[in-house]
Every structure is written in structure tokens, then in C-alpha cells.
file upload_1.txt (compact mmCIF, C-alpha atoms)
# COMPACT_ATOMS: atom_id res chain seq x y z
CA MET Q 29 42.23 21.43 -6.92
CA ALA Q 30 41.34 21.96 -3.29
CA GLY Q 31 43.20 19.47 -1.09
CA ASN Q 32 42.98 19.07 2.66
CA SER Q 33 44.28 22.54 3.43
CA GLU Q 34 44.46 22.11 7.22
CA SER Q 35 47.41 19.69 6.94
CA MET Q 36 49.21 21.51 4.11
CA THR Q 37 52.37 23.57 4.26
CA PRO Q 38 52.34 27.09 2.77
CA ARG Q 39 54.37 25.72 -0.17
CA ALA Q 40 51.81 22.97 -0.77
CA LYS Q 41 48.94 25.48 -0.65
CA LEU Q 42 50.75 27.65 -3.21
CA ALA Q 43 51.29 24.59 -5.40
CA VAL Q 44 47.60 23.69 -5.31
CA THR Q 45 46.59 27.27 -6.12
CA ALA Q 46 49.00 27.38 -9.07
CA GLY Q 47 47.73 24.04 -10.31
CA ARG Q 48 44.12 25.19 -10.12
CA ALA Q 49 44.97 28.28 -12.13
CA ALA Q 50 46.76 26.27 -14.82
CA ALA Q 51 43.86 23.82 -15.06
CA ARG Q 52 41.40 26.68 -15.39
CA VAL Q 53 43.39 28.23 -18.23
CA SER Q 54 43.62 24.86 -19.99
CA ARG Q 55 39.85 24.33 -19.79
CA ALA Q 56 39.16 27.84 -21.01
CA ALA Q 57 41.42 27.19 -24.00
CA GLY Q 58 39.49 24.02 -24.83
CA ARG Q 59 42.50 21.78 -24.12
CA GLY Q 60 40.65 19.23 -21.98
CA SER Q 61 39.94 18.93 -18.26
CA GLY Q 62 43.23 20.52 -17.25
CA SER Q 63 43.95 17.82 -14.67
CA VAL Q 64 47.32 16.78 -16.12
CA ILE Q 65 48.72 20.26 -16.74
CA GLY Q 66 47.37 21.37 -13.36
CA GLY Q 67 49.15 18.49 -11.66
CA LYS Q 68 52.39 19.16 -13.53
CA VAL Q 69 52.39 22.82 -12.49
CA ALA Q 70 51.55 21.92 -8.88
CA LEU Q 71 54.35 19.34 -8.70
CA ARG Q 72 56.79 21.89 -10.11
CA PHE Q 73 56.00 24.14 -7.13
CA ASP Q 74 56.08 21.27 -4.63
CA PRO Q 75 57.62 17.94 -5.74
CA GLU Q 76 56.33 16.30 -2.54
CA LEU Q 77 52.73 17.34 -3.16
CA LEU Q 78 51.42 13.86 -4.08
CA ALA Q 79 52.53 12.48 -0.71
CA ARG Q 80 51.02 15.48 1.08
CA VAL Q 81 47.57 15.28 -0.56
CA ALA Q 82 47.43 11.50 0.03
CA GLN Q 83 48.41 11.49 3.70
CA HIS Q 84 44.89 11.94 5.11
CA LEU Q 85 43.33 9.31 2.79
CA ASP Q 86 42.95 5.55 2.83
CA VAL Q 87 44.31 4.94 -0.66
CA VAL Q 88 43.61 2.10 -3.11
CA LEU Q 89 45.82 1.81 -6.19
CA VAL Q 90 44.64 -0.14 -9.25
CA SER Q 91 47.05 -1.19 -11.99
CA ALA Q 92 46.88 -3.51 -15.00
CA THR Q 93 47.21 -3.52 -18.76
CA ASN Q 94 43.44 -3.90 -19.23
CA GLY Q 95 40.47 -3.05 -17.03
CA LYS Q 96 42.03 -0.62 -14.58
CA THR Q 97 39.76 2.33 -15.41
CA THR Q 98 36.60 0.24 -15.00
CA THR Q 99 37.82 -1.50 -11.85
CA THR Q 100 38.78 1.85 -10.33
CA ARG Q 101 35.26 3.08 -10.97
CA LEU Q 102 33.67 -0.05 -9.47
CA ILE Q 103 35.82 0.12 -6.33
CA ALA Q 104 35.03 3.82 -5.91
CA GLU Q 105 31.29 3.11 -6.08
CA ALA Q 106 31.62 0.28 -3.55
CA LEU Q 107 33.62 2.35 -1.05
CA ARG Q 108 31.13 5.21 -1.17
CA ALA Q 109 29.02 2.97 1.06
CA SER Q 110 31.52 3.83 3.84
CA GLY Q 111 32.39 7.44 3.11
CA PRO Q 112 33.33 10.11 0.54
CA VAL Q 113 35.70 9.04 -2.24
CA VAL Q 114 38.07 10.96 -4.49
CA SER Q 115 39.18 9.23 -7.68
CA ASN Q 116 40.87 9.97 -11.01
CA ALA Q 117 37.71 8.86 -12.78
CA LEU Q 118 38.74 10.39 -16.12
CA GLY Q 119 41.74 8.08 -16.35
CA ALA Q 120 44.62 10.57 -15.89
CA ASN Q 121 46.78 7.84 -14.37
CA MET Q 122 50.32 9.24 -14.23
CA PRO Q 123 51.68 11.20 -11.24
CA ALA Q 124 50.56 14.64 -12.44
CA GLY Q 125 46.96 13.55 -13.07
CA ILE Q 126 46.86 11.57 -9.82
CA THR Q 127 48.16 14.54 -7.83
CA SER Q 128 45.55 16.80 -9.42
CA ALA Q 129 42.75 14.34 -8.60
CA LEU Q 130 43.75 13.85 -4.96
CA ALA Q 131 44.32 17.57 -4.43
CA GLY Q 132 40.69 18.10 -5.40
CA GLY Q 133 39.45 15.57 -2.86
CA GLY Q 134 38.36 18.00 -0.19
CA ASP Q 135 37.18 15.99 2.82
CA ALA Q 136 37.25 12.61 1.11
CA ARG Q 137 38.02 9.58 3.26
CA TYR Q 138 39.16 7.26 0.47
CA GLY Q 139 41.35 7.79 -2.58
CA VAL Q 140 40.73 5.24 -5.35
CA ILE Q 141 43.42 5.70 -7.95
CA GLU Q 142 44.12 4.13 -11.33
CA VAL Q 143 47.88 4.00 -11.95
CA ASP Q 144 49.74 3.47 -15.20
CA GLU Q 145 51.78 0.26 -14.89
CA LYS Q 146 55.10 2.05 -15.32
CA TYR Q 147 54.42 4.42 -12.41
CA LEU Q 148 52.88 1.99 -9.90
CA VAL Q 149 55.93 1.55 -7.67
CA GLY Q 150 56.65 5.29 -7.41
CA VAL Q 151 53.03 6.22 -6.73
CA ALA Q 152 52.80 3.47 -4.10
CA ARG Q 153 55.90 4.89 -2.42
CA ASP Q 154 54.37 8.38 -2.32
CA THR Q 155 50.80 7.51 -1.31
CA ASP Q 156 51.36 4.67 1.22
CA PRO Q 157 48.25 2.80 -0.02
CA LYS Q 158 46.19 0.58 2.24
CA ALA Q 159 45.41 -1.68 -0.74
CA ILE Q 160 46.80 -2.33 -4.23
CA ALA Q 161 44.78 -4.21 -6.86
CA LEU Q 162 46.76 -5.98 -9.61
CA LEU Q 163 44.61 -7.36 -12.43
CA ASN Q 164 46.73 -8.50 -15.39
CA LEU Q 165 49.85 -7.84 -17.46
CA SER Q 166 50.07 -8.21 -21.24
CA ARG Q 167 51.90 -6.61 -24.15
CA ASP Q 168 50.85 -3.05 -24.91
CA GLN Q 169 52.35 -0.09 -26.82
CA LEU Q 170 55.17 -2.21 -28.22
CA ASP Q 171 57.36 0.71 -29.26
CA ARG Q 172 57.86 2.08 -25.76
CA ALA Q 173 56.59 -0.27 -23.06
CA ALA Q 174 58.93 -2.57 -21.18
CA GLU Q 175 58.64 -6.25 -21.91
CA THR Q 176 55.99 -7.69 -19.59
CA ARG Q 177 58.32 -9.79 -17.48
CA MET Q 178 60.58 -6.78 -16.86
CA LEU Q 179 57.57 -4.83 -15.67
CA ALA Q 180 56.50 -7.69 -13.39
CA GLU Q 181 60.03 -7.78 -11.98
CA LYS Q 182 59.93 -4.03 -11.31
CA TRP Q 183 56.64 -4.50 -9.44
CA ARG Q 184 58.04 -7.48 -7.53
CA GLU Q 185 61.06 -5.51 -6.35
CA GLY Q 186 59.10 -2.34 -5.61
CA LEU Q 187 56.33 -4.08 -3.64
CA SER Q 188 58.67 -6.33 -1.67
CA GLY Q 189 57.87 -6.01 2.02
CA SER Q 190 55.02 -3.57 1.32
CA LYS Q 191 52.60 -2.99 4.19
CA SER Q 192 49.75 -2.69 1.68
CA ILE Q 193 47.17 -5.43 1.21
CA VAL Q 194 47.75 -6.63 -2.34
CA ILE Q 195 44.63 -7.98 -4.09
CA ALA Q 196 45.95 -9.96 -7.04
CA ASN Q 197 44.68 -12.15 -9.88
CA ALA Q 198 45.75 -15.74 -9.14
CA ASP Q 199 45.16 -16.75 -12.78
CA ASP Q 200 47.87 -14.52 -14.30
CA PRO Q 201 51.38 -15.95 -13.67
CA LEU Q 202 53.01 -12.56 -14.20
CA ILE Q 203 50.74 -10.95 -11.60
CA VAL Q 204 51.33 -13.80 -9.15
CA TRP Q 205 55.09 -13.50 -9.53
CA ALA Q 206 54.95 -9.72 -9.09
CA ALA Q 207 52.69 -9.91 -6.02
CA SER Q 208 54.41 -12.84 -4.28
CA SER Q 209 57.08 -10.62 -2.75
CA SER Q 210 54.39 -8.90 -0.67
CA PRO Q 211 53.69 -10.32 2.79
CA ASN Q 212 49.92 -9.71 2.66
CA VAL Q 213 48.26 -10.92 -0.55
CA VAL Q 214 44.58 -11.67 -1.18
CA TRP Q 215 44.30 -13.97 -4.20
CA VAL Q 216 41.31 -13.67 -6.53
CA ALA Q 217 40.43 -16.27 -9.18
CA ALA Q 218 39.43 -13.72 -11.80
CA GLY Q 219 40.38 -15.71 -14.91
CA GLN Q 220 42.74 -15.02 -17.81
CA GLU Q 221 41.47 -15.20 -21.37
CA TRP Q 222 44.67 -13.93 -23.01
CA LYS Q 223 47.54 -16.32 -22.25
CA ASP Q 224 50.10 -15.50 -24.94
CA ASP Q 225 52.22 -13.38 -22.58
CA ALA Q 226 52.36 -16.03 -19.86
CA TRP Q 227 53.55 -19.29 -21.45
CA SER Q 228 57.04 -19.05 -19.96
CA CYS Q 229 57.70 -19.06 -16.23
CA PRO Q 230 58.54 -15.54 -14.98
CA ALA Q 231 60.64 -17.05 -12.19
CA CYS Q 232 62.96 -19.34 -14.21
CA GLY Q 233 61.99 -19.08 -17.90
CA GLY Q 234 60.70 -22.66 -18.10
CA VAL Q 235 57.62 -23.60 -20.09
CA MET Q 236 54.40 -23.08 -18.14
CA GLN Q 237 52.06 -26.07 -17.91
CA ARG Q 238 48.37 -25.19 -18.14
CA PRO Q 239 46.07 -28.11 -17.34
CA GLY Q 240 42.51 -26.74 -17.34
CA ASP Q 241 42.31 -23.51 -15.34
CA ASP Q 242 45.44 -24.37 -13.36
CA TRP Q 243 49.04 -23.48 -14.18
CA PHE Q 244 52.48 -24.38 -12.89
CA CYS Q 245 56.13 -24.51 -13.93
CA GLY Q 246 57.41 -28.07 -14.15
CA GLU Q 247 61.01 -26.89 -13.75
CA CYS Q 248 61.03 -24.67 -10.66
CA GLY Q 249 57.70 -25.44 -8.99
CA PHE Q 250 56.26 -21.93 -9.32
CA ARG Q 251 52.49 -22.47 -9.37
CA ARG Q 252 49.07 -20.90 -9.13
CA PRO Q 253 48.19 -20.00 -5.53
CA THR Q 254 44.91 -21.01 -3.93
CA ALA Q 255 42.43 -18.15 -4.28
CA SER Q 256 40.25 -16.98 -1.40
CA TRP Q 257 37.88 -15.05 -3.70
CA ALA Q 258 36.60 -16.40 -7.01
CA LEU Q 259 34.43 -15.49 -9.96
CA GLN Q 260 32.10 -18.41 -10.63
CA GLY Q 261 29.67 -17.73 -13.46
CA ASP Q 262 27.47 -14.82 -12.38
CA HIS Q 263 28.57 -14.94 -8.74
CA VAL Q 264 31.46 -13.85 -6.54
CA VAL Q 265 32.42 -16.48 -3.99
CA ASP Q 266 33.92 -14.96 -0.82
CA PRO Q 267 36.48 -16.56 1.55
CA HIS Q 268 33.63 -18.09 3.60
CA GLY Q 269 32.24 -19.90 0.57
CA SER Q 270 29.19 -17.65 0.21
CA ALA Q 271 28.18 -16.86 -3.39
CA TRP Q 272 26.99 -13.32 -4.11
CA PRO Q 273 25.18 -12.49 -7.38
CA ILE Q 274 26.75 -10.00 -9.77
CA HIS Q 275 24.29 -7.63 -11.46
CA LEU Q 276 26.11 -5.15 -13.68
CA GLN Q 277 25.02 -2.79 -16.42
CA LEU Q 278 28.50 -3.20 -17.91
CA PRO Q 279 28.71 -6.12 -20.36
CA GLY Q 280 30.89 -9.19 -20.52
CA ARG Q 281 32.84 -11.66 -18.44
CA ALA Q 282 35.82 -9.31 -18.07
CA ASN Q 283 33.68 -6.83 -16.15
CA LYS Q 284 32.39 -9.60 -13.88
CA ALA Q 285 36.04 -10.37 -13.15
CA ASN Q 286 36.62 -6.68 -12.43
CA ALA Q 287 33.64 -6.77 -10.05
CA ALA Q 288 35.03 -9.83 -8.25
CA THR Q 289 38.34 -8.06 -7.65
CA SER Q 290 36.51 -4.90 -6.60
CA ALA Q 291 34.43 -6.84 -4.06
CA ALA Q 292 37.62 -8.28 -2.56
CA VAL Q 293 39.11 -4.77 -2.31
CA ALA Q 294 35.94 -3.37 -0.73
CA ALA Q 295 35.99 -6.15 1.90
CA CYS Q 296 39.44 -4.95 3.01
CA PHE Q 297 37.72 -1.69 4.00
CA GLY Q 298 34.81 -3.41 5.77
CA VAL Q 299 32.24 -3.12 2.96
CA PRO Q 300 30.31 -6.45 2.72
CA PRO Q 301 30.17 -8.14 -0.72
CA GLN Q 302 26.39 -7.73 -1.01
CA VAL Q 303 26.60 -3.98 -0.40
CA ALA Q 304 29.62 -3.55 -2.68
CA LEU Q 305 28.06 -5.47 -5.59
CA GLU Q 306 24.73 -3.66 -5.28
CA ARG Q 307 26.51 -0.32 -5.54
CA MET Q 308 28.48 -1.46 -8.60
CA TYR Q 309 25.21 -1.88 -10.51
CA GLN Q 310 24.98 1.93 -10.68
CA VAL Q 311 27.94 2.12 -13.09
CA GLN Q 312 26.52 2.33 -16.64
CA ALA Q 313 29.56 3.47 -18.64
CA VAL Q 314 33.17 4.36 -17.91
CA ALA Q 315 34.69 7.37 -19.69
CA GLY Q 316 32.41 6.71 -22.68
CA ARG Q 317 33.16 2.97 -22.86
CA TYR Q 318 30.07 0.82 -23.47
CA ASP Q 319 27.93 3.90 -24.16
CA VAL Q 320 25.27 3.59 -26.86
CA VAL Q 321 24.90 6.89 -28.74
CA GLN Q 322 22.49 8.02 -31.43
CA PHE Q 323 24.37 9.01 -34.58
CA GLN Q 324 22.90 9.39 -38.08
CA ASP Q 325 19.78 7.40 -37.13
CA ARG Q 326 21.85 4.47 -35.85
CA ASP Q 327 22.59 3.14 -32.36
CA LEU Q 328 26.35 3.19 -32.10
CA ARG Q 329 27.88 1.23 -29.19
CA LEU Q 330 31.36 2.47 -28.29
CA LEU Q 331 33.89 -0.19 -27.28
CA LEU Q 332 37.56 0.40 -26.42
CA ALA Q 333 40.25 -2.18 -27.24
CA LYS Q 334 43.89 -1.10 -26.96
CA ASN Q 335 45.89 -4.32 -27.31
CA PRO Q 336 45.47 -8.01 -28.23
CA ALA Q 337 44.08 -9.00 -24.82
CA GLY Q 338 41.56 -6.15 -24.96
CA TRP Q 339 40.42 -7.03 -28.48
CA LEU Q 340 39.94 -10.66 -27.47
CA GLU Q 341 37.65 -9.63 -24.60
CA THR Q 342 35.78 -7.11 -26.74
CA PHE Q 343 34.92 -9.68 -29.43
CA THR Q 344 32.98 -11.59 -26.76
CA LEU Q 345 30.76 -8.55 -26.11
CA ILE Q 346 29.44 -7.73 -29.56
CA ASP Q 347 26.04 -8.75 -30.86
CA PRO Q 348 26.05 -11.74 -33.25
CA PRO Q 349 26.11 -11.40 -37.07
CA PRO Q 350 24.83 -9.70 -39.11
CA THR Q 351 25.34 -6.75 -36.73
CA PRO Q 352 27.68 -4.30 -38.53
CA VAL Q 353 31.09 -3.66 -36.98
CA ILE Q 354 33.27 -0.58 -37.45
CA LEU Q 355 36.95 -0.94 -36.51
CA SER Q 356 39.15 2.10 -35.96
CA VAL Q 357 42.90 2.03 -35.29
CA ASN Q 358 45.35 4.91 -34.82
CA ALA Q 359 49.04 4.77 -33.94
CA ARG Q 360 49.67 8.11 -32.25
CA GLY Q 361 51.87 8.69 -29.23
CA ALA Q 362 49.29 7.59 -26.67
CA ASP Q 363 48.59 4.39 -28.63
CA GLY Q 364 52.14 3.38 -29.39
CA THR Q 365 53.32 3.74 -32.98
CA ASP Q 366 54.03 0.03 -33.62
CA THR Q 367 50.94 -1.69 -35.06
CA SER Q 368 52.48 -5.16 -35.34
CA TRP Q 369 50.20 -6.23 -32.48
CA LEU Q 370 47.36 -6.40 -35.03
CA TRP Q 371 48.78 -9.74 -36.15
CA ASP Q 372 48.27 -11.17 -32.64
CA VAL Q 373 44.50 -10.53 -32.75
CA ASP Q 374 42.23 -13.32 -34.03
CA TYR Q 375 40.02 -11.25 -36.33
CA THR Q 376 38.40 -14.40 -37.77
CA ARG Q 377 36.02 -14.08 -34.81
CA LEU Q 378 34.34 -11.30 -36.82
CA ALA Q 379 33.38 -13.63 -39.67
CA GLY Q 380 29.81 -12.97 -40.81
CA HIS Q 381 29.76 -9.34 -39.65
CA PRO Q 382 29.71 -6.53 -42.23
CA ILE Q 383 32.97 -4.71 -41.41
CA CYS Q 384 34.10 -1.15 -42.11
CA VAL Q 385 37.64 0.00 -41.30
CA ILE Q 386 38.55 3.60 -40.40
CA GLY Q 387 41.29 5.46 -38.52
CA ASP Q 388 44.81 6.69 -39.25
CA ARG Q 389 46.11 3.13 -39.72
CA ARG Q 390 43.10 1.71 -41.52
CA LEU Q 391 45.31 0.31 -44.29
CA ASP Q 392 47.42 -1.63 -41.76
CA LEU Q 393 44.22 -3.11 -40.40
CA ALA Q 394 42.90 -3.77 -43.91
CA VAL Q 395 45.96 -5.89 -44.73
CA ARG Q 396 45.42 -7.87 -41.51
CA LEU Q 397 41.74 -8.50 -42.33
CA GLU Q 398 42.61 -9.45 -45.92
CA VAL Q 399 44.98 -12.14 -44.65
CA ALA Q 400 42.28 -13.33 -42.20
CA GLY Q 401 40.00 -13.87 -45.20
CA LEU Q 402 37.32 -11.40 -44.06
CA ASP Q 403 35.08 -9.17 -46.20
CA PHE Q 404 35.42 -5.50 -45.31
CA ARG Q 405 35.33 -1.96 -46.65
CA VAL Q 406 37.87 0.79 -46.04
CA CYS Q 407 36.27 4.17 -45.30
CA ASP Q 408 37.83 7.59 -44.88
CA THR Q 409 35.54 8.82 -42.11
CA LEU Q 410 33.23 7.63 -39.37
CA ASP Q 411 30.31 9.28 -41.16
CA GLU Q 412 30.99 7.30 -44.33
CA ALA Q 413 31.24 4.01 -42.40
CA VAL Q 414 27.99 4.64 -40.54
CA GLN Q 415 26.15 5.56 -43.74
CA MET Q 416 27.16 2.22 -45.26
CA SER Q 417 25.46 0.39 -42.39
CA PRO Q 418 21.71 -0.28 -42.22
CA PRO Q 419 19.59 1.43 -39.53
CA GLY Q 420 19.83 -0.16 -36.10
CA ARG Q 421 22.74 -1.25 -33.91
CA ILE Q 422 26.39 -0.84 -34.91
CA GLU Q 423 29.32 -2.09 -32.81
CA LEU Q 424 32.29 0.28 -32.95
CA ILE Q 425 35.64 -0.96 -31.63
CA ALA Q 426 38.54 1.48 -31.46
CA ASN Q 427 41.93 1.79 -29.85
CA TYR Q 428 42.78 4.66 -27.51
CA THR Q 429 43.11 7.85 -29.59
CA ALA Q 430 40.73 6.49 -32.24
CA PHE Q 431 38.16 6.06 -29.48
CA GLN Q 432 38.64 9.70 -28.43
CA ASP Q 433 38.24 10.80 -32.07
CA VAL Q 434 34.94 8.93 -32.29
CA ARG Q 435 33.66 10.39 -29.03
CA ARG Q 436 34.37 13.92 -30.24
CA ARG Q 437 32.61 13.28 -33.57
CA VAL Q 438 29.46 11.84 -31.99
CA GLY Q 439 29.38 14.43 -29.22
CA ASN Q 440 29.89 11.93 -26.38
call {"tool": "encode", "arguments": {"input": "upload_1.txt", "output": "C-alpha cells"}}
result
Amino acid sequence: MAGNSESMTPRAKLAVTAGRAAARVSRAAGRGSGSVIGGKVALRFDPELLARVAQHLDVVLVSATNGKTTTTRLIAEALRASGPVVSNALGANMPAGITSALAGGGDARYGVIEVDEKYLVGVARDTDPKAIALLNLSRDQLDRAAETRMLAEKWREGLSGSKSIVIANADDPLIVWAASSSPNVVWVAAGQEWKDDAWSCPACGGVMQRPGDDWFCGECGFRRPTASWALQGDHVVDPHGSAWPIHLQLPGRANKANAATSAAVAACFGVPPQVALERMYQVQAVAGRYDVVQFQDRDLRLLLAKNPAGWLETFTLIDPPPTPVILSVNARGADGTDTSWLWDVDYTRLAGHPICVIGDRRLDLAVRLEVAGLDFRVCDTLDEAVQMSPPGRIELIANYTAFQDVRRRVGN
């Protein structure tokens, strides 16, 4: 943690120093990067520290249920075309982790920050962002997350009258409703594969009509806004109608949608779409996601899926049968302890793949796959599941803490 010391009060400097010391102790003890504990200690010394370390930066906030870590990384790469960037690239997206990241920004010009959905309004209040990117809202961590409409309402109230440019997904009714209270919104047609959290109108509760890619409420007139940016196939179409090719090393349509939103954000800072998209090509993996690692003479591709919307997108990425698939599900604190969301995932899309199931809640997942009529094996460990697969490529899909377990085991 370094911060922009010239503009800091003595109390803020003491807070940063204390945070750096705590982070250093945490790393030495093998407890991770230390960014969260460092931020917590620093904020204890100076509760206003987040606002202080953000005041010299042009800040972008990125929030969503899915895709915020990747989109944050893509925006950061794009903005580096205009100057130094500080970002919470490791995904510590609550106030302590954000404070720690920004305090280490040195002479950065831009702060590109992923924010947990629950904390978006408070972090926006403290950091006075120039831009806020809103991607999607869907059910996640059912035991402790607010119902999606309540969260959208919190955003709507908190962003009302905001001076920030809000870059929002026109295809998600919850996002549109949340963003519509802002006076300056840039709409992006980024698509919405998962629709099961947006069949009722967030404004009046009526049934949403969805002809084709459009949507509207027949009762109150709430409808999809006209987008000025759009993802069309492998191109981003800008407000002038020019189509710019997307070349990513990250797989899948969802990441093209993330790139489209990122290009719209970069344009708010004067970075042309061609420059922004060319820089995004440099991103190969994000916090281990999409990495292919060598493990026990196999090529193991690591894919993260935390909720039904994420699993739906991930199924579109995997190689066709008979590529083996390993599924790993935990239900620890960071995942949410309620696994009933498994019943919202269409696992029949895995038909034809040899499937192994691991993780703390492998038996919950086994029951779900049994009902889906799929063939699978339950394994106690990653090693056992890999050994059951033939040499070559294996697709591994895991939820949050299960993904971290796998990364530690394979040394990623």
C-alpha cells in the first residue's frame, strides 16, 4: 500500500503504513495476498481512507453477478492506452480490498475497480466514479443475498442523480430499471442468456413480454431502451455504426459481451474502440479462469461457474463430447450454503460427456445429475477424478471455493 502521499493527511499516511504492515504479516503467514486484512486495518485507522486514496483518480466501477472480474481486467487493459491504471485485479471487491488496491496505486491516473453488488452504492459514494459499468443481475448465494429486484432497487435509489456515466446492459430488465434513475446512461446491447430472474417487470410486477431479443412490460410500458453500442457476432458496433472486430484469447460469447461493454467504457475516457479492443487481446486468463494447466499428464482447463447464469454460459464454452468433464461444488461461506440453485441448472447439456463429480457437496450434485438422467461417477478427490479420465483435455467446472481448492492442488 503506497497511495498518493502528497495529498494525504498524517492520519491517512499512518493508516496506509499500518495496512501495509498487516498485509506483510498476512503474506508471511501464508494467509493470502493480505489485501483484505491490510485494507481492514487501514480503514480502522482512517474510516475515510477509501475516499482519500480515490480522490486523485478517474475511477471506473464494475458491478454484476457474473463477469465483473473479467470485465474489470479488460477495461484496465484498454485504459492503459491512456495512462497508468490501478485495479483490484485479484478480485478483492469489498471496501477493504478496494481501499488496499487503490492505496497501492502510486501515480496511477485511472482506478478500475470491481465492486461486489451489495457494496456498489457505498463505494460509488466514496470514490466519486467517472463511470460505472452494470452488466447483469441474477440470483446468487441464496442463503444471504438480497432478492435480485431488491438489489436493483437499492442501486436505482443510490445512483439516482449520479454524475457518473453509467454504462449499462440494455438487455437485462433489472439492470435497465436500476440504471434508469441516472441522468447519463450509455446503453449497450450485450445480450442476456439467463432470463429466469427477469420474467416479471421490476417496475410494476407485471409479466415481461419477450418477443425475439426485445422485451417490454405490457402493463406499465417499461421497455428495453435503444442501445448505442451493440455486440453483433464477432464485432462491436459503436454509436456511429462502425463495426470493430473482437479478437480475444478468452473464450465464449459472454466474454465478447464483456469486451463490448469494456469498449463503451473506454470510449468515455477517449480510448478509441480499435485501440481498446486490440489491447484486450493481451488478456489470456483472469485469476486462473480459463487457464489450461498440466496435471497428471492431462490438460486441465479451469472454468469458474458460481450460479445458474454462470453455469449456463460455461456449458457453451466446453469442447464437445466425448471430452471428459469434472464438476466440483462446495457450499462454504463464500459460496453461499444453500445449494438449491443446482436444480435451476440444465445439466442435460452435458449429455454424452464422461462426468466425474467432486467437492464438499458432490452428493448434492450427484442427486441432481441422477434426476437429469446423466451417467457420472462420484470421486473423493481431484486426483481420483483425473486418473479416471483418458489422456488429453479435461474440462473442469467449479464454483468459487471449489475453484480455489483446485487451483491450490494443481499449483496454479
call {"tool": "atom_distance", "arguments": {"input": "upload_1.txt", "atom1": "CA of Gly233 in chain Q", "atom2": "CA of Gly186 in chain Q"}}
result
21.0 Å
call {"tool": "atom_distance", "arguments": {"input": "upload_1.txt", "atom1": "CA of Arg137 in chain Q", "atom2": "CA of Arg39 in chain Q"}}
result
23.2 Å
call {"tool": "residues_around", "arguments": {"input": "upload_1.txt", "residues": "range 105-117 of chain Q", "least_positions_apart": "3", "cutoff": "6 Å", "atoms": "all atoms listed in the file", "output": "MDAnalysis selection string"}}
result
chainID Q and resid 102 129 133 136:141 304 307:308
call {"tool": "closest_residue", "arguments": {"input": "upload_1.txt", "among": "Q:Thr429, Q:Ser91, Q:Ser188, Q:Ser166", "to": "Asp363 in chain Q", "atoms": "all atoms listed in the file"}}
result
Q:Thr429
call {"tool": "closest_residue", "arguments": {"input": "upload_1.txt", "among": "Q:Ile383, Q:Ala131, Q:Val265, Q:Ala120", "to": "Pro349 in chain Q", "atoms": "only C-alpha atoms"}}
result
Q:Ile383
call {"tool": "closest_residue", "arguments": {"input": "upload_1.txt", "among": "Q:Val149, Q:Val314, Q:Ala82, Q:Val53", "to": "Lys96 in chain Q", "atoms": "all atoms listed in the file"}}
result
Q:Val314
call {"tool": "atom_distance", "arguments": {"input": "upload_1.txt", "atom1": "CA of His275 in chain Q", "atom2": "CA of Gly261 in chain Q"}}
result
11.6 Å
call {"tool": "closest_residue", "arguments": {"input": "upload_1.txt", "among": "Q:Thr367, Q:Ser210, Q:Asn358, Q:Thr98", "to": "Lys284 in chain Q", "atoms": "only C-alpha atoms"}}
result
Q:Thr98
call {"tool": "decode", "arguments": {"input": "upload_1.txt", "residues": "range 132-186 of chain Q", "atoms": "C-alpha atoms", "output": "compact mmCIF listing (two decimals), in the first residue's frame"}}
result
# COMPACT_ATOMS: atom_id res chain seq x y z
CA GLY Q 132 -1.17 0.86 -3.69
CA GLY Q 133 -1.80 2.82 -6.87
CA GLY Q 134 1.15 5.18 -6.62
CA ASP Q 135 0.94 7.64 -9.52
CA ALA Q 136 -1.86 5.87 -11.37
CA ARG Q 137 -4.24 8.01 -13.40
CA TYR Q 138 -7.15 5.56 -13.51
CA GLY Q 139 -8.70 3.29 -10.91
CA VAL Q 140 -10.61 0.34 -12.41
CA ILE Q 141 -12.48 -1.36 -9.60
CA GLU Q 142 -14.64 -4.46 -9.38
CA VAL Q 143 -17.31 -3.98 -6.71
CA ASP Q 144 -19.47 -6.60 -5.00
CA GLU Q 145 -23.11 -5.86 -5.84
CA LYS Q 146 -24.07 -5.24 -2.21
CA TYR Q 147 -21.41 -2.54 -1.77
CA LEU Q 148 -21.76 -0.69 -5.08
CA VAL Q 149 -23.74 2.29 -3.80
CA GLY Q 150 -21.43 2.92 -0.83
CA VAL Q 151 -18.24 2.58 -2.87
CA ALA Q 152 -19.68 4.91 -5.53
CA ARG Q 153 -20.41 7.46 -2.82
CA ASP Q 154 -16.83 7.28 -1.53
CA THR Q 155 -14.95 7.19 -4.85
CA ASP Q 156 -16.99 9.64 -6.98
CA PRO Q 157 -16.50 7.48 -10.12
CA LYS Q 158 -16.41 8.96 -13.59
CA ALA Q 159 -18.03 5.78 -14.96
CA ILE Q 160 -19.99 2.82 -13.60
CA ALA Q 161 -20.46 -0.37 -15.65
CA LEU Q 162 -23.51 -2.51 -14.82
CA LEU Q 163 -23.56 -5.89 -16.58
CA ASN Q 164 -26.29 -8.17 -15.17
CA LEU Q 165 -28.19 -9.24 -12.06
CA SER Q 166 -29.23 -12.80 -11.26
CA ARG Q 167 -29.74 -15.00 -8.20
CA ASP Q 168 -26.55 -15.86 -6.34
CA GLN Q 169 -25.69 -17.14 -2.83
CA LEU Q 170 -29.33 -17.76 -1.97
CA ASP Q 171 -28.81 -18.00 1.78
CA ARG Q 172 -27.57 -14.45 2.21
CA ALA Q 173 -28.01 -12.33 -0.91
CA ALA Q 174 -30.93 -9.96 -1.29
CA GLU Q 175 -33.56 -10.91 -3.82
CA THR Q 176 -32.49 -9.51 -7.19
CA ARG Q 177 -35.22 -6.92 -7.50
CA MET Q 178 -34.41 -5.55 -4.03
CA LEU Q 179 -30.80 -5.18 -5.08
CA ALA Q 180 -31.81 -3.43 -8.31
CA GLU Q 181 -33.99 -1.07 -6.26
CA LYS Q 182 -31.07 -0.29 -3.95
CA TRP Q 183 -28.93 0.53 -6.99
CA ARG Q 184 -31.72 2.63 -8.50
CA GLU Q 185 -32.09 4.71 -5.35
CA GLY Q 186 -28.34 5.00 -4.74
